[in-house]
Structures are given as structure tokens and as C-alpha cells.
Amino acid sequence: MKLIEIINKRCNCKVTQVIVKSPMGERIAYRDIPVDNFKEYSIYLHTGNVDLEIMYSADKELSEEAVSLLTDLIDVYVENRATWEIAENVSKSPDIYAGRATLDEMVKVTTNALVYSGLFDKAAVMFFNEKLMELRGIYMTSIPPYTEEQVKVFRNKRVPVKKSIIKQLQEYNKHPDDIERHLELEDKIFRSIDNVQLTNPLIIAPMMTGNKIYGILITYSNNKYTNTHIFTTRSTARLLNTMMMAVISNQKYEYTTSFYKEIESEMRSKQSLVTLGNYVATIAHEVKNPLISIGGFAKRLMKAVTNEDLKRMAGIIATESIRLEHLTEDILSFSRKRPPKKEKIQLTKLFSEIRPLFETRMAEHNFKLNIDIPYDAYIYADIDQIKQVIVNLIANAMNAMESDGTVTISFQEKDGKTSIMISDTGPGIPLEVMPNLFKPFFTTSNSGTGLGLPISRKILNNHNGDLTVYNSKHGAVFTVTLPAE
Ligand code: ADP
């Protein structure tokens with residue numbers, strides 16, 4: 001038998017050209033074919049874009065053994081040609097190669113490759129939309145004489161899918177070698193979505209990563225239904241699945257890396273804040289005592305001098321030193337690491353101690369403080385620390401409000417958490433202020449230190465709780481959350 005006869009018999013395609021070049025020479029050696037018999041001449045099958053190289057000796061009839069080896073080889077070639085074709089295309093598409101491509105791009109390359117391999121007239125991928133139980137045709141490649149119009153019809157086609165089909169698709173990959181079963185399944189699957197109205201459907205293969213189905217690969221041709229086509233589609237589907245896996249894990253990797261980077265930079269800024277906080281705390285500690293003396297002496301001066309100008313100046317020294325004293329106290333309490341001493345606190349009792357602290361301000365500005373808390377509401381917290389938080393939040397609310405405003409305190413217990421809400425009728429938190437609210441030293445007030453909210457949040461975090469904020473219709477709402485014991 002002559003080589004060309006074998007080729008034409010085994011390849012379901014016409015050999016169009018014999019050329020001298022091949023990407024597959026290595027594979028012959030790899031398949032352990034005794035190439036010694038076939039030296040001298042090289043023949044290259046060229047039926048699409050991929051070539052097969054076979055070396056043979058022209059002066060001899062091929063032995064039976066050689067015929068069988070070559071037949072095998074050609075079968076492998078034909079079977080995998082589309083897959084190799086795709087692999088070729090993949091290496092040409094830098095984004096896919098580097099794992100940066102999207103699924104869409106990858107699928108497009110695959111369908112193109114299937115058609116241009118010459119075995120199929122059309123190839124398409126339908127993405128599977130779990131929510132809607134439908135398949136959406138996205139990519140379709142077809143070679144003339146199909147019109148652009150026909151391609152378009154397919155591209156945006158929506159196909160309802162029954163649940164049983166998904167099960168069948170899942171079955172498909174469980175038995176990779178059971179061809180009979182596959183044919184049966186493919187037939188069933190196709191019949192159940194045959195309102196796609198495509199001509200000569202040939203093969204449907206699922207696209208999966210692990211157990212998840214992303215869609216189906218459909219290939220069809222005007223040629224007869226042959227095993228070769230089935231093999232090709234199946235190995236293509238496998239390659240496609242591997243590529244999908246690569247794309248998806250790359251996307252996950254990128255997501256994780258960027259997430260990690262974010263955390264890292266956040267940690268770094270937190271770390272530098274801690275270092276800065278330690279310096280500042282040391283300075284605050286050193287500054288506090290002399291400040292107390294300065295303030296005390298200024299007060300004594302105020303009383304001792306008779307000159308009005310000097311009295312006024314001493315007064316300024318006294319008030320300013322009190323302000324600085326508060327600042328140093330805030331700084332110290334921010335950097336102090338005292339663990340909370342938790343106890344059961346009845347909230348109505350706590351608020352009966354807090355309310356008097358605001359009586360003067362309420363009278364001056366006609367503020368109202370509505371405390372809407374049930375008698376049997378309890379929290380578990382360090383009483384001094386939680387008092388500091390609540391006083392701070394009420395003071396902030398009053399600072400933000402015009403005269404006649406109202407601060408409302410309410411309580412909620414839900415999902416193992418207790419919450420105290422402090423809402424005001426002020427202007428709310430401006431959007432640009434929101435991201436900075438809990439950063440140390442951020443303040444919009446001339447007399448503020450910008451430490452009230454960060455200290456409060458830190459205290460609550462030490463209690464395994466949190467401090468959050470949102471703007472309601474009326475003003476800002478701060479929520480203190482604590483675990484219910
Ligand atoms: P300070 O009160 O010393 O400025 P805080 O950390 O307590 O420091 O508050 C930081 C900033 O948050 C305030 O300067 C103010 O701009 C804003 N803020 C806090 N509470 C409220 C509120 N209830 N309504 C509007 N803005 C607020």
C-alpha cells in the first residue's frame with residue numbers, strides 16, 4: 001500500500017499540499033516509531049493550518065507493521081488536530097498565554113480554531129446562565145457561505161434549559177471513555193434544546209471546571225457524523241476546560257493578590273500610626289505635668305494682677321492650657337492599652353449618670369436628649385470606658401446641631417448583639433468627611449482634637465464590638481455595638 005493511500009483513507013479530508021516543515025516531528029520520536037525504516041523522504045500533510053510530518057522511504061512498499069504504525073499515527077493526528085490547532089492559537093494570543101484573558105476571549109479563540117482547522121463548518125459556545133436556566137450563544141465562528149446574518153441569529157439566542165439537562169451534562173464528564181453513552185447523551189441534550197434551529201448539529205460537549213458547568217461547546221458540519229469529529233470535539237472540550245480553569249484561577253489569583261496588597265498597605269499605615277502614636281503618647285505624657293502648672297499659675301496670675309490687659313492675657317493662657325491638657329488626656333487614653341473590665345450595666349442607670357453632664361448645654365441651646373431605652377436593657381462592658389464613648393458621641397452630636405436640636409438614644413438587641421443608637425438632628429456627615437471620620441487627629445472643628453471617634457472605636461473593638469455611622473433623613477446616626485453576653 002502507498003502512503004498517500006493510507007493518508008487519504010484515514011484522514012477524513014483531502015490532502016491539499018505536501019510541504020517541508022512540521023511542528024510535529026518530535027511527536028514521531030515520542031511515539032517510539034522506528035523511524036529508521038522511513039528515513040530518506042519527508043512527507044508533510046497540510047490540510048488546514050497544522051502539518052503532520054511523516055518520514056518514509058520512497059523505494060519500498062510499506063511493510064504491514066509500518067502501515068499499522070502510520071495508520072495509528074494519522075489517527076492520533078486527526079483526532080487531536082483541532083486541539084493542537086487551538087494550542088497553537090493560544091500561544092499566539094499573549095493574553096491567553098499569560099493567563100490574563102477573559103473567558104470570552106478564550107472561547108472566541110477556541111471556536112475560531114475549530115472552524116479553521118477545517119473539520120467543522122461552525123463552532124459555537126453557549127454560556128450557561130444558572131439563574132435563568134438558559135444558555136446564551138455568545139461566540140460563533142463560521143466560514144462562508146454562511147452569512148453574517150445567520151451568525152448573528154445564533155449569537156444572541158437564548159435557549160431555555162431543563163434541569164434534567166444540567167444533570168445529563170454533569171453525567172457526561174463522569175464517563176470520559178464511554179462513547180456510546182456520550183452519543184446518547186449528546187443526542188438527548190441536543191434534542192432538548194433543538195429550538196436553536198441550527199443546521200446539522202454535530203457534537204455538543206460540556207465546558208466545565210471541576211464540577212461547575214459554564215456552558216456547552218457545539219460544533220457542526222455538513223459532513224457525515226464521524227468518530228473523528230467526536231474525538232476532536234471531545235479533546236477540544238478538554239483543552240478548553242483546562243484553559244478555563246487556568247483563566248479562572250488566574251482571576252482568583254489576581255483578586256487575592258490585589259486584596260492582599262490592600263491589606264498590606266493598610267497594615268503598613270496602621271503600623272506607622274502605632275509608632276507615631278507611641279511617640280506622641282510619650283510627648284503627651286511629658287507635656288501634661290508642666291501644662292497643669294502653667295494653667296494653675298495663669299489662674300493665680302488672673303487673680304493677682306489688676307491691669308485688665310494682663311488679666312485678659314492670663315485668662316487666654318489659662319483656657320488654652322486647659323485645651324492642651326484635654327488634648328494630652330485624649331492622646332494618652334488613645335494609646336493606653338488597658339483591657340476592659342467588663343460588668344453587667346443597666347443602661348437606664350448609666351444614662352441617669354450621663355444626662356446631668358449635658359444639662360447646662362441643653363439649657364443654653366434648648367437641646368433635647370431623648371433616652372428611649374427599656375428598663376431591662378443591659379450591656380456587658382467596662383463602665384468607665386463605655387461612659388467615655390457615649391459622652392463623646394452625645395457631645396459630638398450636640399456640637400453638630402443648631403439650637404433646638406434633639407439627640408435620641410435608642411436600644412436594640414438582635415442576633416447575639418446589643419446596639420445603642422445615638423442619632424441627632426444635625427447636618428449629618430458630609431460624604432467627603434466619611435472616609436476620614438475614624439482617623440486619628442481628623443477634625444473639622446477649631447477646638448476639637450480629632451481623637452474622640454478613633455478612641456471610641458478602639459474602646460469598642462477592645463470589647464469585641466464596633467462603632468459605625470450612617471446618615472439618616474434627620475442627621476447622623478452612630479451605632480455602638482457590643483456582644484450580648
Ligand atoms: P472632634 O470631635 O474632636 O473633632 P471626633 O473624632 O470626635 O473629633 O470627630 C471627628 C469629626 O467627625 C468632627 O470634627 C466632625 O466633623 C465629625 N462628626 C463627629 N460626630 C458628628 C455628628 N454627630 N454629626 C456631624 N459630624 C460629626
# chains A, B, ... in the order shown; residues from 1 in each chain; ligands from 1
>>> closest_atom_pairs(of="chain A", to="ligand 1", cutoff="10 Å", atoms="only C-alpha atoms and all ligand atoms", output="tab-separated table")
residue	atom	partner	partner_atom_place_in_ligand_line	distance
A:Leu327	CA	ligand 1	3 (O)	9.0
A:Asp330	CA	ligand 1	3 (O)	9.4
A:Val389	CA	ligand 1	7 (O)	9.7
A:Asn392	CA	ligand 1	7 (O)	6.6
A:Leu393	CA	ligand 1	20 (N)	6.6
A:Ile394	CA	ligand 1	23 (N)	7.6
A:Ala395	CA	ligand 1	2 (O)	7.8
A:Asn396	CA	ligand 1	20 (N)	4.5
A:Ala397	CA	ligand 1	23 (N)	3.7
A:Met398	CA	ligand 1	23 (N)	7.2
A:Asn399	CA	ligand 1	22 (C)	7.4
A:Ala400	CA	ligand 1	24 (N)	4.9
A:Met401	CA	ligand 1	24 (N)	7.5
A:Val407	CA	ligand 1	23 (N)	9.2
A:Ile422	CA	ligand 1	23 (N)	8.3
A:Ser423	CA	ligand 1	23 (N)	7.3
A:Asp424	CA	ligand 1	23 (N)	6.3
A:Thr425	CA	ligand 1	23 (N)	8.5
A:Gly426	CA	ligand 1	24 (N)	6.0
A:Pro427	CA	ligand 1	25 (C)	6.2
A:Gly428	CA	ligand 1	25 (C)	4.7
A:Ile429	CA	ligand 1	25 (C)	4.6
A:Pro430	CA	ligand 1	26 (N)	7.5
A:Val433	CA	ligand 1	16 (O)	6.9
A:Met434	CA	ligand 1	12 (O)	8.1
A:Asn436	CA	ligand 1	12 (O)	8.1
A:Leu437	CA	ligand 1	12 (O)	5.2
A:Phe438	CA	ligand 1	6 (O)	6.3
A:Lys439	CA	ligand 1	6 (O)	7.5
A:Pro440	CA	ligand 1	6 (O)	7.0
A:Phe441	CA	ligand 1	6 (O)	7.1
A:Phe442	CA	ligand 1	10 (C)	5.7
A:Thr443	CA	ligand 1	14 (O)	3.5
A:Thr444	CA	ligand 1	14 (O)	3.9
A:Ser445	CA	ligand 1	14 (O)	4.9
A:Asn446	CA	ligand 1	4 (O)	8.0
A:Ser447	CA	ligand 1	3 (O)	7.0
A:Gly448	CA	ligand 1	3 (O)	3.3
A:Thr449	CA	ligand 1	3 (O)	3.9
A:Gly450	CA	ligand 1	8 (O)	3.3
A:Leu451	CA	ligand 1	6 (O)	4.5
A:Gly452	CA	ligand 1	7 (O)	3.5
A:Leu453	CA	ligand 1	6 (O)	3.7
A:Pro454	CA	ligand 1	6 (O)	5.9
A:Ile455	CA	ligand 1	6 (O)	7.7
A:Ser456	CA	ligand 1	7 (O)	8.4
A:Arg457	CA	ligand 1	6 (O)	9.6
A:Val469	CA	ligand 1	23 (N)	9.0
A:Tyr470	CA	ligand 1	23 (N)	9.8
A:Asn471	CA	ligand 1	24 (N)	8.8
A:Gly475	CA	ligand 1	24 (N)	6.9
A:Ala476	CA	ligand 1	23 (N)	5.1
A:Val477	CA	ligand 1	23 (N)	7.0
A:Phe478	CA	ligand 1	23 (N)	7.3
>>> closest_atom_pairs(of="segment 325-441 of chain A", to="segment 267-277 of chain A", cutoff="9 Å", atoms="only C-alpha atoms", output="CSV")
residue,atom,partner,partner_atom,distance
A:Ile331,CA,A:Gly277,CA,8.0
A:Phe334,CA,A:Gly277,CA,8.2
A:Ser335,CA,A:Gly277,CA,6.4
A:Pro440,CA,A:Leu273,CA,8.6
>>> select_by_dssp(residues="segment 219-412 of chain A", states="alpha helix (DSSP H)", output="PyMOL selection string")
chain A and resi 227-304+308-335+347-354+359-365+383-400
>>> select_by_dssp(residues="segment 241-485 of chain A", states="strand (DSSP E or B)", output="JSON, numbers by chain")
{"A": [343, 344, 345, 346, 368, 369, 370, 371, 372, 378, 379, 380, 381, 406, 407, 408, 409, 410, 411, 412, 413, 414, 417, 418, 419, 420, 421, 422, 423, 466, 467, 468, 469, 470, 471, 476, 477, 478, 479, 480, 481, 482, 483]}
>>> write_last_selection(atoms="C-alpha atoms", output="PDB file, in the first residue's frame")
ATOM      1  CA  GLU A 343     -19.512  44.126  84.166  1.00  0.00           C
ATOM      2  CA  LYS A 344     -23.272  43.980  83.724  1.00  0.00           C
ATOM      3  CA  ILE A 345     -24.550  47.523  83.266  1.00  0.00           C
ATOM      4  CA  GLN A 346     -28.160  48.575  83.401  1.00  0.00           C
ATOM      5  CA  LYS A 368     -33.414  67.810  73.906  1.00  0.00           C
ATOM      6  CA  LEU A 369     -31.944  64.479  74.949  1.00  0.00           C
ATOM      7  CA  ASN A 370     -34.493  61.696  74.359  1.00  0.00           C
ATOM      8  CA  ILE A 371     -33.453  58.498  76.057  1.00  0.00           C
ATOM      9  CA  ASP A 372     -35.657  55.771  74.698  1.00  0.00           C
ATOM     10  CA  TYR A 378     -28.343  45.632  79.858  1.00  0.00           C
ATOM     11  CA  ILE A 379     -24.908  45.659  78.319  1.00  0.00           C
ATOM     12  CA  TYR A 380     -21.675  43.996  79.386  1.00  0.00           C
ATOM     13  CA  ALA A 381     -18.812  46.465  79.297  1.00  0.00           C
ATOM     14  CA  THR A 406     -32.667  66.698  69.553  1.00  0.00           C
ATOM     15  CA  VAL A 407     -30.365  63.797  70.378  1.00  0.00           C
ATOM     16  CA  THR A 408     -32.169  60.450  70.599  1.00  0.00           C
ATOM     17  CA  ILE A 409     -30.741  57.362  72.259  1.00  0.00           C
ATOM     18  CA  SER A 410     -32.322  54.006  71.422  1.00  0.00           C
ATOM     19  CA  PHE A 411     -31.528  50.387  72.075  1.00  0.00           C
ATOM     20  CA  GLN A 412     -31.773  47.124  70.153  1.00  0.00           C
ATOM     21  CA  GLU A 413     -30.917  43.500  70.877  1.00  0.00           C
ATOM     22  CA  LYS A 414     -30.585  41.190  67.876  1.00  0.00           C
ATOM     23  CA  LYS A 417     -25.588  41.679  69.699  1.00  0.00           C
ATOM     24  CA  THR A 418     -26.722  44.721  71.663  1.00  0.00           C
ATOM     25  CA  SER A 419     -26.727  48.102  69.949  1.00  0.00           C
ATOM     26  CA  ILE A 420     -27.092  51.629  71.253  1.00  0.00           C
ATOM     27  CA  MET A 421     -28.009  54.170  68.589  1.00  0.00           C
ATOM     28  CA  ILE A 422     -27.170  57.861  69.064  1.00  0.00           C
ATOM     29  CA  SER A 423     -28.985  59.922  66.452  1.00  0.00           C
ATOM     30  CA  ASP A 466     -17.738  48.226  66.929  1.00  0.00           C
ATOM     31  CA  LEU A 467     -18.733  51.782  66.217  1.00  0.00           C
ATOM     32  CA  THR A 468     -20.430  52.536  62.907  1.00  0.00           C
ATOM     33  CA  VAL A 469     -22.168  55.503  61.384  1.00  0.00           C
ATOM     34  CA  TYR A 470     -24.679  56.385  58.697  1.00  0.00           C
ATOM     35  CA  ASN A 471     -26.690  59.411  57.694  1.00  0.00           C
ATOM     36  CA  ALA A 476     -26.053  61.377  61.762  1.00  0.00           C
ATOM     37  CA  VAL A 477     -26.693  58.039  63.475  1.00  0.00           C
ATOM     38  CA  PHE A 478     -23.817  56.451  65.389  1.00  0.00           C
ATOM     39  CA  THR A 479     -24.318  52.825  66.431  1.00  0.00           C
ATOM     40  CA  VAL A 480     -22.413  51.298  69.325  1.00  0.00           C
ATOM     41  CA  THR A 481     -22.436  47.518  69.021  1.00  0.00           C
ATOM     42  CA  LEU A 482     -21.428  45.104  71.764  1.00  0.00           C
ATOM     43  CA  PRO A 483     -21.712  41.351  72.021  1.00  0.00           C
TER      44      PRO A 483
END
>>> residues_around(residues="Lys299 of chain A", least_positions_apart="3", cutoff="9 Å", atoms="only C-alpha atoms", output="MDAnalysis selection string")
chainID A and resid 294:296 302:304 314:315 317:318
>>> write_last_selection(atoms="all heavy atoms", output="PDB file, in the first residue's frame")
ATOM      1  N   ILE A 294       1.390  75.377  84.290  1.00  0.00           N
ATOM      2  CA  ILE A 294       1.186  76.639  83.545  1.00  0.00           C
ATOM      3  C   ILE A 294      -0.244  77.140  83.753  1.00  0.00           C
ATOM      4  O   ILE A 294      -0.491  78.307  84.051  1.00  0.00           O
ATOM      5  CB  ILE A 294       1.481  76.436  82.029  1.00  0.00           C
ATOM      6  CG1 ILE A 294       2.973  76.165  81.826  1.00  0.00           C
ATOM      7  CG2 ILE A 294       1.054  77.641  81.220  1.00  0.00           C
ATOM      8  CD1 ILE A 294       3.347  75.718  80.423  1.00  0.00           C
ATOM      9  N   GLY A 295      -1.214  76.219  83.606  1.00  0.00           N
ATOM     10  CA  GLY A 295      -2.627  76.598  83.761  1.00  0.00           C
ATOM     11  C   GLY A 295      -2.900  77.113  85.163  1.00  0.00           C
ATOM     12  O   GLY A 295      -3.572  78.145  85.341  1.00  0.00           O
ATOM     13  N   GLY A 296      -2.328  76.423  86.155  1.00  0.00           N
ATOM     14  CA  GLY A 296      -2.559  76.808  87.553  1.00  0.00           C
ATOM     15  C   GLY A 296      -1.999  78.194  87.832  1.00  0.00           C
ATOM     16  O   GLY A 296      -2.684  79.057  88.394  1.00  0.00           O
ATOM     17  N   MET A 302      -4.261  85.618  87.043  1.00  0.00           N
ATOM     18  CA  MET A 302      -5.518  86.304  86.724  1.00  0.00           C
ATOM     19  C   MET A 302      -6.069  87.005  87.969  1.00  0.00           C
ATOM     20  O   MET A 302      -6.613  88.107  87.896  1.00  0.00           O
ATOM     21  CB  MET A 302      -6.569  85.293  86.238  1.00  0.00           C
ATOM     22  CG  MET A 302      -6.577  85.065  84.752  1.00  0.00           C
ATOM     23  SD  MET A 302      -7.589  83.631  84.404  1.00  0.00           S
ATOM     24  CE  MET A 302      -9.211  84.323  84.604  1.00  0.00           C
ATOM     25  N   LYS A 303      -5.949  86.262  89.071  1.00  0.00           N
ATOM     26  CA  LYS A 303      -6.475  86.825  90.316  1.00  0.00           C
ATOM     27  C   LYS A 303      -5.561  87.915  90.863  1.00  0.00           C
ATOM     28  O   LYS A 303      -6.024  88.934  91.382  1.00  0.00           O
ATOM     29  CB  LYS A 303      -6.643  85.712  91.355  1.00  0.00           C
ATOM     30  CG  LYS A 303      -7.878  84.891  91.107  1.00  0.00           C
ATOM     31  CD  LYS A 303      -8.085  83.880  92.228  1.00  0.00           C
ATOM     32  CE  LYS A 303      -9.143  82.884  91.797  1.00  0.00           C
ATOM     33  NZ  LYS A 303      -8.829  81.550  92.288  1.00  0.00           N
ATOM     34  N   ALA A 304      -4.232  87.721  90.708  1.00  0.00           N
ATOM     35  CA  ALA A 304      -3.279  88.618  91.364  1.00  0.00           C
ATOM     36  C   ALA A 304      -3.149  89.973  90.670  1.00  0.00           C
ATOM     37  O   ALA A 304      -3.038  91.003  91.328  1.00  0.00           O
ATOM     38  CB  ALA A 304      -1.923  87.935  91.445  1.00  0.00           C
ATOM     39  N   ALA A 314      -3.638  86.539  80.814  1.00  0.00           N
ATOM     40  CA  ALA A 314      -3.515  85.385  81.717  1.00  0.00           C
ATOM     41  C   ALA A 314      -4.701  84.453  81.509  1.00  0.00           C
ATOM     42  O   ALA A 314      -4.565  83.213  81.531  1.00  0.00           O
ATOM     43  CB  ALA A 314      -3.446  85.849  83.167  1.00  0.00           C
ATOM     44  N   GLY A 315      -5.870  85.064  81.277  1.00  0.00           N
ATOM     45  CA  GLY A 315      -7.089  84.257  81.011  1.00  0.00           C
ATOM     46  C   GLY A 315      -6.902  83.391  79.767  1.00  0.00           C
ATOM     47  O   GLY A 315      -7.266  82.201  79.742  1.00  0.00           O
ATOM     48  N   ILE A 317      -4.066  82.361  78.504  1.00  0.00           N
ATOM     49  CA  ILE A 317      -3.111  81.292  78.834  1.00  0.00           C
ATOM     50  C   ILE A 317      -3.839  80.159  79.573  1.00  0.00           C
ATOM     51  O   ILE A 317      -3.671  78.976  79.258  1.00  0.00           O
ATOM     52  CB  ILE A 317      -1.937  81.822  79.699  1.00  0.00           C
ATOM     53  CG1 ILE A 317      -1.134  82.859  78.915  1.00  0.00           C
ATOM     54  CG2 ILE A 317      -1.016  80.657  80.122  1.00  0.00           C
ATOM     55  CD1 ILE A 317      -0.036  83.534  79.732  1.00  0.00           C
ATOM     56  N   ALA A 318      -4.710  80.549  80.510  1.00  0.00           N
ATOM     57  CA  ALA A 318      -5.418  79.528  81.301  1.00  0.00           C
ATOM     58  C   ALA A 318      -6.321  78.669  80.410  1.00  0.00           C
ATOM     59  O   ALA A 318      -6.250  77.426  80.459  1.00  0.00           O
ATOM     60  CB  ALA A 318      -6.224  80.191  82.415  1.00  0.00           C
TER      61      ALA A 318
END
>>> atom_distance(atom1="atom CA of Arg238 of chain A", atom2="atom CA of Gln251 of chain A")
19.9 Å
